[in-house]
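One file, upload_35.cif, is given below (mmCIF, C-alpha atoms (C1' of nucleotides)).
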data_upload
#
loop_
_atom_site.label_atom_id
_atom_site.label_comp_id
_atom_site.auth_asym_id
_atom_site.auth_seq_id
_atom_site.Cartn_x
_atom_site.Cartn_y
_atom_site.Cartn_z
CA MET Y 1 -10.20 -34.11 37.45
CA LEU Y 2 -7.51 -33.27 39.99
CA ASP Y 3 -8.41 -36.29 42.08
CA ALA Y 4 -7.90 -38.43 39.03
CA GLU Y 5 -4.53 -36.85 38.40
CA ARG Y 6 -3.34 -37.63 41.90
CA ASP Y 7 -4.70 -41.17 41.78
CA VAL Y 8 -3.18 -41.92 38.42
CA GLN Y 9 0.14 -40.51 39.51
CA ALA Y 10 0.00 -42.74 42.57
CA ARG Y 11 -0.57 -45.81 40.41
CA LEU Y 12 2.27 -44.88 38.16
CA GLY Y 13 4.74 -44.59 40.99
CA ASP Y 14 7.82 -42.78 39.77
CA HIS Y 15 6.73 -43.01 36.15
CA PRO Y 16 6.09 -39.45 34.98
CA LEU Y 17 2.53 -38.66 33.91
CA ASP Y 18 1.87 -36.21 31.11
CA PHE Y 19 -1.36 -34.93 32.52
CA ALA Y 20 -1.77 -32.03 30.11
CA SER Y 21 -1.83 -34.42 27.14
CA LEU Y 22 -4.19 -36.78 28.93
CA ASP Y 23 -6.49 -33.88 29.76
CA ALA Y 24 -6.53 -32.60 26.20
CA ILE Y 25 -6.99 -35.89 24.38
CA SER Y 26 -9.39 -37.60 26.75
CA ASN Y 27 -11.76 -34.66 26.66
CA ILE Y 28 -12.02 -34.96 22.90
CA TYR Y 29 -13.95 -38.26 23.12
CA ARG Y 30 -16.05 -37.12 25.97
CA ALA Y 31 -17.09 -34.07 23.99
CA ALA Y 32 -17.62 -35.96 20.74
CA GLY Y 33 -19.78 -38.60 22.41
CA SER Y 34 -21.95 -36.23 24.36
CA VAL Y 35 -22.54 -33.87 21.45
CA ARG Y 36 -23.30 -36.74 19.13
CA ARG Y 37 -25.83 -38.30 21.43
CA ARG Y 38 -27.46 -34.95 22.07
CA ALA Y 39 -27.72 -34.23 18.35
CA GLU Y 40 -29.31 -37.57 17.57
CA HIS Y 41 -31.72 -37.24 20.46
CA GLU Y 42 -32.76 -33.69 20.10
CA LEU Y 43 -32.72 -33.12 16.38
CA LEU Y 44 -31.76 -35.95 14.04
CA SER Y 45 -34.06 -38.69 15.36
CA SER Y 46 -37.14 -36.81 14.17
CA TYR Y 47 -35.71 -36.98 10.65
CA GLY Y 48 -34.81 -40.65 11.02
CA LEU Y 49 -31.14 -39.83 10.62
CA SER Y 50 -28.08 -40.99 12.49
CA PHE Y 51 -25.20 -38.63 12.99
CA GLY Y 52 -23.27 -40.40 10.27
CA GLY Y 53 -26.21 -40.24 7.90
CA PHE Y 54 -26.55 -36.52 8.50
CA THR Y 55 -22.86 -36.01 7.79
CA ILE Y 56 -23.17 -37.77 4.44
CA MET Y 57 -26.09 -35.62 3.44
CA TRP Y 58 -24.38 -32.44 4.52
CA VAL Y 59 -21.25 -33.24 2.52
CA LEU Y 60 -23.33 -34.03 -0.56
CA TRP Y 61 -25.28 -30.84 -0.12
CA VAL Y 62 -22.19 -28.69 0.02
CA TRP Y 63 -20.02 -30.40 -2.59
CA GLU Y 64 -22.77 -32.06 -4.65
CA GLU Y 65 -22.51 -35.34 -6.53
CA MET Y 66 -19.48 -37.28 -5.37
CA GLU Y 67 -17.78 -40.65 -5.73
CA THR Y 68 -17.98 -43.15 -2.90
CA ALA Y 69 -14.29 -43.10 -2.08
CA ARG Y 70 -14.07 -39.36 -1.68
CA LEU Y 71 -17.34 -39.26 0.21
CA ALA Y 72 -16.01 -41.79 2.71
CA GLU Y 73 -12.87 -39.71 3.13
CA GLU Y 74 -14.84 -36.49 3.66
CA CYS Y 75 -17.11 -38.17 6.18
CA GLY Y 76 -14.23 -39.79 8.04
CA VAL Y 77 -15.54 -43.35 7.77
CA ALA Y 78 -14.22 -46.51 6.10
CA LYS Y 79 -15.52 -47.15 2.63
CA GLY Y 80 -17.17 -50.39 3.71
CA THR Y 81 -19.03 -48.48 6.39
CA LEU Y 82 -20.22 -45.98 3.84
CA THR Y 83 -21.77 -48.73 1.71
CA GLY Y 84 -24.13 -49.67 4.52
CA MET Y 85 -24.97 -46.10 5.41
CA LEU Y 86 -25.74 -45.28 1.79
CA THR Y 87 -28.01 -48.30 1.61
CA THR Y 88 -29.92 -46.96 4.59
CA LEU Y 89 -30.19 -43.48 3.08
CA GLU Y 90 -31.19 -44.96 -0.27
CA LYS Y 91 -34.02 -46.90 1.36
CA GLN Y 92 -35.17 -43.66 2.92
CA GLY Y 93 -35.17 -42.06 -0.53
CA LEU Y 94 -32.65 -39.42 0.46
CA VAL Y 95 -29.70 -40.29 -1.80
CA SER Y 96 -29.25 -42.04 -5.14
CA ARG Y 97 -26.41 -44.16 -6.52
CA ASN Y 98 -25.47 -44.07 -10.19
CA ARG Y 99 -22.77 -46.09 -11.95
CA VAL Y 100 -20.42 -44.05 -14.08
CA GLU Y 101 -20.83 -45.07 -17.72
CA SER Y 102 -17.21 -44.49 -18.67
CA ASP Y 103 -15.87 -46.51 -15.73
CA LYS Y 104 -18.33 -48.97 -14.36
CA ARG Y 105 -16.42 -49.60 -11.16
CA ARG Y 106 -17.25 -46.12 -9.98
CA VAL Y 107 -20.45 -44.97 -8.35
CA LEU Y 108 -21.63 -41.40 -8.07
CA VAL Y 109 -23.74 -40.56 -5.07
CA ASP Y 110 -26.08 -37.62 -4.97
CA LEU Y 111 -29.00 -36.25 -2.99
CA THR Y 112 -32.46 -36.94 -4.34
CA PRO Y 113 -34.88 -34.01 -4.52
CA THR Y 114 -36.34 -35.26 -1.23
CA GLY Y 115 -32.83 -35.35 0.21
CA GLN Y 116 -32.22 -31.79 -0.95
CA THR Y 117 -35.39 -30.58 0.71
CA THR Y 118 -34.60 -32.46 3.89
CA ILE Y 119 -31.08 -31.16 4.34
CA ALA Y 120 -32.03 -27.61 3.37
CA GLU Y 121 -34.60 -27.66 6.15
CA LEU Y 122 -32.42 -29.51 8.62
CA PHE Y 123 -29.10 -27.77 8.29
CA PRO Y 124 -30.11 -24.40 9.76
CA LYS Y 125 -31.44 -26.28 12.77
CA PHE Y 126 -28.25 -28.24 13.03
CA ASN Y 127 -26.17 -25.09 12.84
CA ALA Y 128 -28.27 -23.60 15.63
CA PHE Y 129 -27.63 -26.77 17.61
CA GLU Y 130 -23.89 -26.35 17.06
CA ALA Y 131 -24.18 -22.79 18.31
CA LYS Y 132 -25.91 -24.06 21.44
CA MET Y 133 -23.25 -26.70 22.00
CA SER Y 134 -20.54 -24.07 21.79
CA GLY Y 135 -22.51 -21.59 23.83
CA GLY Y 136 -20.47 -19.57 26.30
CA LEU Y 137 -17.47 -19.49 23.99
CA SER Y 138 -16.53 -16.33 22.13
CA ILE Y 139 -16.02 -16.44 18.40
CA GLU Y 140 -12.28 -16.31 18.99
CA GLU Y 141 -12.49 -19.24 21.40
CA LYS Y 142 -14.49 -21.28 18.88
CA HIS Y 143 -11.89 -20.71 16.22
CA GLU Y 144 -9.13 -21.46 18.72
CA LEU Y 145 -10.85 -24.72 19.62
CA ALA Y 146 -11.09 -25.64 15.95
CA ARG Y 147 -7.45 -24.72 15.38
CA LEU Y 148 -6.21 -26.82 18.30
CA LEU Y 149 -8.30 -29.77 17.12
CA ARG Y 150 -6.90 -29.48 13.62
CA VAL Y 151 -3.42 -29.88 15.06
CA VAL Y 152 -4.55 -33.10 16.73
CA VAL Y 153 -6.17 -34.34 13.52
CA ALA Y 154 -2.95 -33.65 11.64
CA ASN Y 155 -0.93 -35.57 14.23
CA ALA Y 156 -3.33 -38.49 14.09
CA SER Y 157 -3.30 -38.60 10.32
CA ASP Y 158 0.49 -38.73 9.93
CA ASP Y 159 1.78 -41.78 8.14
CA MET N 1 -12.37 -24.98 4.98
CA LEU N 2 -12.96 -21.54 3.56
CA ASP N 3 -14.29 -23.00 0.33
CA ALA N 4 -16.79 -24.93 2.36
CA GLU N 5 -17.82 -21.82 4.19
CA ARG N 6 -18.53 -20.00 0.94
CA ASP N 7 -20.36 -22.97 -0.54
CA VAL N 8 -22.50 -23.52 2.50
CA GLN N 9 -23.35 -19.86 2.68
CA ALA N 10 -24.38 -20.01 -0.96
CA ARG N 11 -26.73 -22.92 -0.28
CA LEU N 12 -28.22 -21.15 2.67
CA GLY N 13 -29.08 -18.04 0.67
CA ASP N 14 -29.88 -15.24 3.05
CA HIS N 15 -30.00 -17.55 6.02
CA PRO N 16 -27.10 -16.56 8.29
CA LEU N 17 -24.46 -19.23 8.89
CA ASP N 18 -22.68 -19.49 12.22
CA PHE N 19 -19.44 -20.72 10.82
CA ALA N 20 -17.42 -20.38 14.00
CA SER N 21 -19.72 -22.83 15.78
CA LEU N 22 -19.69 -25.18 12.83
CA ASP N 23 -15.91 -25.06 12.73
CA ALA N 24 -15.56 -25.75 16.43
CA ILE N 25 -18.10 -28.55 16.76
CA SER N 26 -17.44 -30.39 13.52
CA ASN N 27 -13.74 -30.63 14.27
CA ILE N 28 -14.50 -32.40 17.52
CA TYR N 29 -15.75 -35.54 15.71
CA ARG N 30 -13.05 -35.45 13.18
CA ALA N 31 -10.45 -35.35 15.93
CA ALA N 32 -12.14 -37.99 18.04
CA GLY N 33 -12.46 -40.40 15.15
CA SER N 34 -8.94 -40.04 13.88
CA VAL N 35 -7.33 -40.31 17.29
CA ARG N 36 -9.45 -43.30 18.18
CA ARG N 37 -8.61 -45.18 15.02
CA ARG N 38 -4.94 -44.37 15.40
CA ALA N 39 -4.93 -45.59 19.01
CA GLU N 40 -6.58 -48.87 18.14
CA HIS N 41 -4.27 -49.41 15.22
CA GLU N 42 -1.00 -48.44 16.72
CA LEU N 43 -1.33 -49.50 20.31
CA LEU N 44 -4.48 -51.20 21.52
CA SER N 45 -4.84 -53.89 18.87
CA SER N 46 -1.71 -55.66 20.10
CA TYR N 47 -3.41 -56.01 23.49
CA GLY N 48 -6.66 -57.17 21.90
CA LEU N 49 -8.43 -54.11 23.25
CA SER N 50 -10.88 -51.71 21.67
CA PHE N 51 -10.84 -48.09 22.66
CA GLY N 52 -13.90 -48.61 24.80
CA GLY N 53 -12.37 -51.65 26.48
CA PHE N 54 -9.25 -49.68 27.29
CA THR N 55 -11.34 -46.88 28.78
CA ILE N 56 -13.10 -49.33 31.08
CA MET N 57 -9.83 -50.76 32.30
CA TRP N 58 -8.33 -47.35 32.83
CA VAL N 59 -11.29 -46.18 34.91
CA LEU N 60 -11.16 -49.33 37.02
CA TRP N 61 -7.45 -48.92 37.48
CA VAL N 62 -7.77 -45.38 38.77
CA TRP N 63 -10.93 -45.68 40.86
CA GLU N 64 -10.83 -49.41 41.58
CA GLU N 65 -13.82 -51.70 42.07
CA MET N 66 -16.98 -50.05 40.82
CA GLU N 67 -20.66 -50.72 40.17
CA THR N 68 -21.87 -51.14 36.61
CA ALA N 69 -24.02 -48.02 36.54
CA ARG N 70 -21.26 -45.69 37.67
CA LEU N 71 -18.74 -47.38 35.40
CA ALA N 72 -21.00 -46.78 32.40
CA GLU N 73 -21.35 -43.15 33.40
CA GLU N 74 -17.59 -42.71 33.81
CA CYS N 75 -16.91 -44.35 30.47
CA GLY N 76 -19.60 -42.35 28.69
CA VAL N 77 -21.51 -45.34 27.32
CA ALA N 78 -25.03 -46.68 27.87
CA LYS N 79 -25.34 -49.33 30.53
CA GLY N 80 -26.52 -51.89 27.99
CA THR N 81 -23.40 -51.26 25.97
CA LEU N 82 -21.26 -51.77 29.01
CA THR N 83 -22.75 -55.22 29.61
CA GLY N 84 -21.43 -56.42 26.26
CA MET N 85 -18.03 -54.81 26.68
CA LEU N 86 -17.63 -56.32 30.14
CA THR N 87 -18.48 -59.73 28.72
CA THR N 88 -15.69 -59.31 26.19
CA LEU N 89 -13.21 -58.20 28.85
CA GLU N 90 -14.33 -61.02 31.13
CA LYS N 91 -13.68 -63.59 28.40
CA GLN N 92 -10.21 -62.11 28.03
CA GLY N 93 -9.69 -62.55 31.75
CA LEU N 94 -9.12 -58.85 32.33
CA VAL N 95 -12.06 -57.99 34.58
CA SER N 96 -14.31 -59.83 37.00
CA ARG N 97 -17.96 -59.37 37.95
CA ASN N 98 -19.21 -60.01 41.46
CA ARG N 99 -22.75 -59.75 42.75
CA VAL N 100 -23.14 -57.70 45.89
CA GLU N 101 -24.33 -59.99 48.69
CA SER N 102 -26.38 -57.35 50.45
CA ASP N 103 -28.17 -56.30 47.25
CA LYS N 104 -28.23 -58.94 44.58
CA ARG N 105 -29.29 -56.55 41.85
CA ARG N 106 -25.91 -54.86 41.97
CA VAL N 107 -22.71 -56.04 40.37
CA LEU N 108 -19.24 -54.90 41.28
CA VAL N 109 -16.68 -54.89 38.51
CA ASP N 110 -12.96 -55.02 39.13
CA LEU N 111 -9.72 -55.72 37.34
CA THR N 112 -8.30 -59.20 37.67
CA PRO N 113 -4.58 -59.52 38.52
CA THR N 114 -3.97 -60.03 34.82
CA GLY N 115 -5.99 -56.92 34.12
CA GLN N 116 -3.92 -54.97 36.63
CA THR N 117 -0.69 -56.08 35.01
CA THR N 118 -1.99 -55.28 31.55
CA ILE N 119 -3.17 -51.77 32.28
CA ALA N 120 -0.08 -50.93 34.35
CA GLU N 121 2.03 -51.85 31.36
CA LEU N 122 -0.25 -50.28 28.79
CA PHE N 123 -1.10 -46.97 30.36
CA PRO N 124 2.35 -45.36 30.12
CA LYS N 125 2.36 -46.24 26.44
CA PHE N 126 -1.08 -44.79 26.03
CA ASN N 127 -0.05 -41.60 27.78
CA ALA N 128 2.93 -41.34 25.42
CA PHE N 129 0.50 -41.81 22.55
CA GLU N 130 -1.64 -38.98 23.90
CA ALA N 131 1.46 -36.80 24.05
CA LYS N 132 2.19 -37.61 20.43
CA MET N 133 -1.37 -36.82 19.39
CA SER N 134 -1.14 -33.44 21.09
CA GLY N 135 2.37 -32.82 19.81
CA GLY N 136 3.06 -29.27 18.70
CA LEU N 137 0.81 -27.83 21.38
CA SER N 138 2.26 -26.12 24.42
CA ILE N 139 1.15 -27.20 27.87
CA GLU N 140 -0.98 -24.07 28.05
CA GLU N 141 -2.62 -24.91 24.74
CA LYS N 142 -3.36 -28.45 25.88
CA HIS N 143 -5.08 -27.19 28.99
CA GLU N 144 -6.89 -24.57 26.94
CA LEU N 145 -8.11 -27.29 24.58
CA ALA N 146 -9.34 -29.33 27.51
CA ARG N 147 -11.04 -26.31 29.05
CA LEU N 148 -12.87 -25.40 25.85
CA LEU N 149 -13.99 -29.00 25.42
CA ARG N 150 -15.30 -29.11 28.97
CA VAL N 151 -17.52 -26.15 28.16
CA VAL N 152 -18.94 -28.11 25.22
CA VAL N 153 -19.45 -31.21 27.35
CA ALA N 154 -21.29 -29.13 29.92
CA ASN N 155 -23.54 -27.65 27.23
CA ALA N 156 -24.26 -31.07 25.79
CA SER N 157 -25.05 -32.55 29.19
CA ASP N 158 -27.60 -29.91 30.21
CA ASP N 159 -31.03 -31.28 30.93
"C1'" DT L 1 -47.56 -60.08 54.72
"C1'" DT L 2 -48.38 -58.85 50.04
"C1'" DC L 3 -48.97 -55.45 46.73
"C1'" DT L 4 -46.85 -51.51 44.38
"C1'" DG L 5 -43.32 -48.97 42.62
"C1'" DA L 6 -38.53 -48.12 41.96
"C1'" DT L 7 -33.94 -49.71 40.73
"C1'" DC L 8 -30.27 -52.45 38.76
"C1'" DG L 9 -28.18 -55.20 35.17
"C1'" DT L 10 -29.15 -57.89 31.11
"C1'" DT L 11 -31.35 -58.90 26.81
"C1'" DT L 12 -33.12 -57.55 22.36
"C1'" DG L 13 -33.30 -55.47 17.85
"C1'" DG L 14 -31.20 -52.47 15.12
"C1'" DT L 15 -27.55 -49.23 13.10
"C1'" DA L 16 -22.82 -47.89 12.82
"C1'" DC L 17 -18.39 -48.95 12.32
"C1'" DC L 18 -13.82 -51.38 11.08
"C1'" DA L 19 -10.48 -54.45 8.55
"C1'" DA L 20 -9.89 -57.87 5.43
"C1'" DA L 21 -11.47 -60.69 1.77
"C1'" DC L 22 -13.82 -60.56 -2.45
"C1'" DT L 23 -15.76 -59.24 -7.23
"C1'" DA L 24 -15.80 -56.75 -11.25
"C1'" DA L 25 -13.66 -53.38 -14.18
"C1'" DT L 26 -9.68 -51.07 -15.86
"C1'" DT L 27 -4.91 -50.27 -16.79
"C1'" DT L 28 -0.11 -51.76 -17.41
"C1'" DC L 29 3.42 -54.27 -19.23
"C1'" DC L 30 5.50 -57.78 -21.94
"C1'" DG W 1 -3.43 -58.84 -27.32
"C1'" DG W 2 -3.44 -61.28 -22.95
"C1'" DA W 3 -1.74 -62.07 -18.17
"C1'" DA W 4 -0.82 -59.46 -14.04
"C1'" DA W 5 -1.33 -55.73 -11.15
"C1'" DT W 6 -4.31 -52.06 -9.69
"C1'" DT W 7 -8.52 -49.82 -8.41
"C1'" DA W 8 -13.54 -49.15 -6.92
"C1'" DG W 9 -17.13 -50.69 -4.39
"C1'" DT W 10 -19.40 -54.42 -1.88
"C1'" DT W 11 -19.63 -58.26 1.25
"C1'" DT W 12 -18.35 -60.57 5.47
"C1'" DG W 13 -17.52 -61.31 10.32
"C1'" DG W 14 -17.10 -59.14 14.30
"C1'" DT W 15 -17.32 -55.45 18.03
"C1'" DA W 16 -19.34 -51.27 19.69
"C1'" DC W 17 -23.04 -48.70 20.57
"C1'" DC W 18 -27.99 -47.09 21.61
"C1'" DA W 19 -32.89 -47.16 23.35
"C1'" DA W 20 -36.45 -49.71 24.98
"C1'" DA W 21 -38.28 -53.77 26.98
"C1'" DC W 22 -37.47 -57.18 30.43
"C1'" DG W 23 -36.62 -59.88 34.80
"C1'" DA W 24 -35.00 -59.99 39.25
"C1'" DT W 25 -34.50 -57.71 43.49
"C1'" DC W 26 -35.36 -54.53 46.97
"C1'" DA W 27 -38.02 -50.92 49.73
"C1'" DG W 28 -42.12 -48.99 51.46
"C1'" DA W 29 -47.01 -48.90 52.59
"C1'" DA W 30 -51.47 -50.78 53.69
#

Write out the structure in this file as structure tokens.
Amino acid sequence: MLDAERDVQARLGDHPLDFASLDAISNIYRAAGSVRRRAEHELLSSYGLSFGGFTIMWVLWVWEEMETARLAEECGVAKGTLTGMLTTLEKQGLVSRNRVESDKRRVLVDLTPTGQTTIAELFPKFNAFEAKMSGGLSIEEKHELARLLRVVVANASDD
Amino acid sequence: MLDAERDVQARLGDHPLDFASLDAISNIYRAAGSVRRRAEHELLSSYGLSFGGFTIMWVLWVWEEMETARLAEECGVAKGTLTGMLTTLEKQGLVSRNRVESDKRRVLVDLTPTGQTTIAELFPKFNAFEAKMSGGLSIEEKHELARLLRVVVANASDD
DNA sequence: TTCTGATCGTTTGGTACCAAACTAATTTCC
DNA sequence: GGAAATTAGTTTGGTACCAAACGATCAGAA
């Protein structure tokens, strides 16, 4: 990466380059992309799940039945995106949608029994995968990584 | 996140949960997604660029003319994906494709003069954006974040 | 030479993803 | 009580993204 730093600085001329920020932020995507692809390849594809689909199921497993809006928020996707992903999961028989009687605009999403079984079997494997992806880091380093990332998330979420 | 930890542990029963790994890895996506959306919103949309399109232009700016295969690798996308993104950038007049005379399978991609101007103007703003997204972190913390992420990338790239 | 295998970029088919427009249901305010 | 504003989820139109199949080109061997 030092070559890049020198080259970028050359392009910028006298414009100062904040390389530390570039280094921190640009590595976030690189890491996210490579871990995501690896997870889909190595683990999720055999369950017919995308990374996003897995995330939905995990959230529902932990917090149980949930409205669409909150589910989208928890999963970090737009609500329109969630509609399509839920349709996919519904076709696979993994989640169910139920209109709320008292307010028919709302929809409650929940895991089906099949979905429950699937995520209960899958999650331990996924957690082991996460351990492998963070292999070589101490527990303190893992928590430090999470802490630093939370600062970035907070910055990016400011309104 | 501590509620989640307790809830997940409850679901897992006696199965041990590696929460530190979960914490580290799951925050990577959250951070990547929120920073990406913010960048597109706040900065890239006014240039008509997606995050991926910006990445391509940045790589070409730093390393200059490059073959498709290496460009895809540098940008962290599949080569088929790159084809479509290059078509978009080509339509916008920002990059050009040129077949290599000595080996007509190969294609060299480069920035057009317009592309050069665009990225030279945009990059300082993007770097300032990166600084904002990593605001509140010291220089040492930024480099530590990058270092920890590189470990993850290396783990995810193992064959 | 010509056949075989490898390599490069593109195409294809499909999901994921977003923002904005839309529809239906509910609440607010006069 | 009814029009207007608000809210929830879906639909729409478009890009991004992947893996696998494809077509063209090149390199090597018989």

Next on the checklist: For a test of reading the model, state the distance in Å between atom C1' of W:DT7 and atom CA of Y:Ala154, rounded to one decimal.
Outcome noted: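 Distance between the two atoms: 26.4 Å.
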
Next on the checklist: Evaluated on this file, the PyMOL selection byres ((chain N and resi 150) around 12) picks out some residues - which ones are they, written as a count of residues only?
Outcome noted: 34

Specify as an mmCIF file with C-alpha atoms (C1' of nucleotides), keeping the file's coordinate frame all residues of chain W found within 12 Å of chain Y, counting all atoms listed in the file.
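Result file follows (selection.cif):
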data_model
loop_
_atom_site.group_PDB
_atom_site.id
_atom_site.type_symbol
_atom_site.label_atom_id
_atom_site.label_comp_id
_atom_site.auth_asym_id
_atom_site.auth_seq_id
_atom_site.Cartn_x
_atom_site.Cartn_y
_atom_site.Cartn_z
ATOM 1 C "C1'" DT W 7 -8.520 -49.820 -8.410
ATOM 2 C "C1'" DA W 8 -13.540 -49.150 -6.920
ATOM 3 C "C1'" DG W 9 -17.130 -50.690 -4.390
ATOM 4 C "C1'" DT W 10 -19.400 -54.420 -1.880
ATOM 5 C "C1'" DT W 11 -19.630 -58.260 1.250
ATOM 6 C "C1'" DT W 12 -18.350 -60.570 5.470
ATOM 7 C "C1'" DC W 17 -23.040 -48.700 20.570
ATOM 8 C "C1'" DC W 18 -27.990 -47.090 21.610
ATOM 9 C "C1'" DA W 19 -32.890 -47.160 23.350
#

Checklist entry - Using only C-alpha atoms, which of the listed residues (N:Gly115, N:Gly93, N:Gly76, N:Gly48) sits closest to chain Y? => result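 Closest residue, counting only C-alpha atoms: N:Gly76.
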
Item to check | Atom-to-atom span, atom CA of Y:Trp61 and atom CA of Y:Glu140, Å | outcome: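 Distance between the two atoms: 27.3 Å.
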
Sel. within 10 Å of pt (-33.5, -58.5, 38.2), counting only C-alpha atoms (C1' of nucleotides), output as an mmCIF file with C-alpha atoms (C1' of nucleotides), in the coordinates of the input:
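Printed below is out33.cif as written:
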data_model
loop_
_atom_site.group_PDB
_atom_site.id
_atom_site.type_symbol
_atom_site.label_atom_id
_atom_site.label_comp_id
_atom_site.auth_asym_id
_atom_site.auth_seq_id
_atom_site.Cartn_x
_atom_site.Cartn_y
_atom_site.Cartn_z
ATOM 1 C CA LYS N 104 -28.230 -58.940 44.580
ATOM 2 C CA ARG N 105 -29.290 -56.550 41.850
ATOM 3 C CA ARG N 106 -25.910 -54.860 41.970
ATOM 4 C "C1'" DT L 7 -33.940 -49.710 40.730
ATOM 5 C "C1'" DC L 8 -30.270 -52.450 38.760
ATOM 6 C "C1'" DG L 9 -28.180 -55.200 35.170
ATOM 7 C "C1'" DT L 10 -29.150 -57.890 31.110
ATOM 8 C "C1'" DC W 22 -37.470 -57.180 30.430
ATOM 9 C "C1'" DG W 23 -36.620 -59.880 34.800
ATOM 10 C "C1'" DA W 24 -35.000 -59.990 39.250
ATOM 11 C "C1'" DT W 25 -34.500 -57.710 43.490
ATOM 12 C "C1'" DC W 26 -35.360 -54.530 46.970
#

Apply the PyMOL selection byres ((chain W and resi 28) around 10) to the structure shown and report the selected residues as a PDB file with C-alpha atoms (C1' of nucleotides), keeping the file's coordinate frame.
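As written to disk, part_20.pdb reads:
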ATOM      1  C1'  DT L   4     -46.850 -51.510  44.380  1.00  0.00           C
ATOM      2  C1'  DG L   5     -43.320 -48.970  42.620  1.00  0.00           C
TER       3       DG L   5
ATOM      4  C1'  DC W  26     -35.360 -54.530  46.970  1.00  0.00           C
ATOM      5  C1'  DA W  27     -38.020 -50.920  49.730  1.00  0.00           C
ATOM      6  C1'  DA W  29     -47.010 -48.900  52.590  1.00  0.00           C
ATOM      7  C1'  DA W  30     -51.470 -50.780  53.690  1.00  0.00           C
TER       8       DA W  30
END

Next on the checklist: Applying the PyMOL selection byres ((chain W and resi 14) around 12) to the file I just gave you, which residues come out? Please list them as a VMD selection string.
Outcome noted: (chain N and resid 88) or (chain L and resid 17 to 20) or (chain W and resid 12 to 13 15 to 16)

Checklist entry - Do you have the atom C1' of L:DC22-atom CA of Y:Glu73 distance handy? => result 21.6 Å
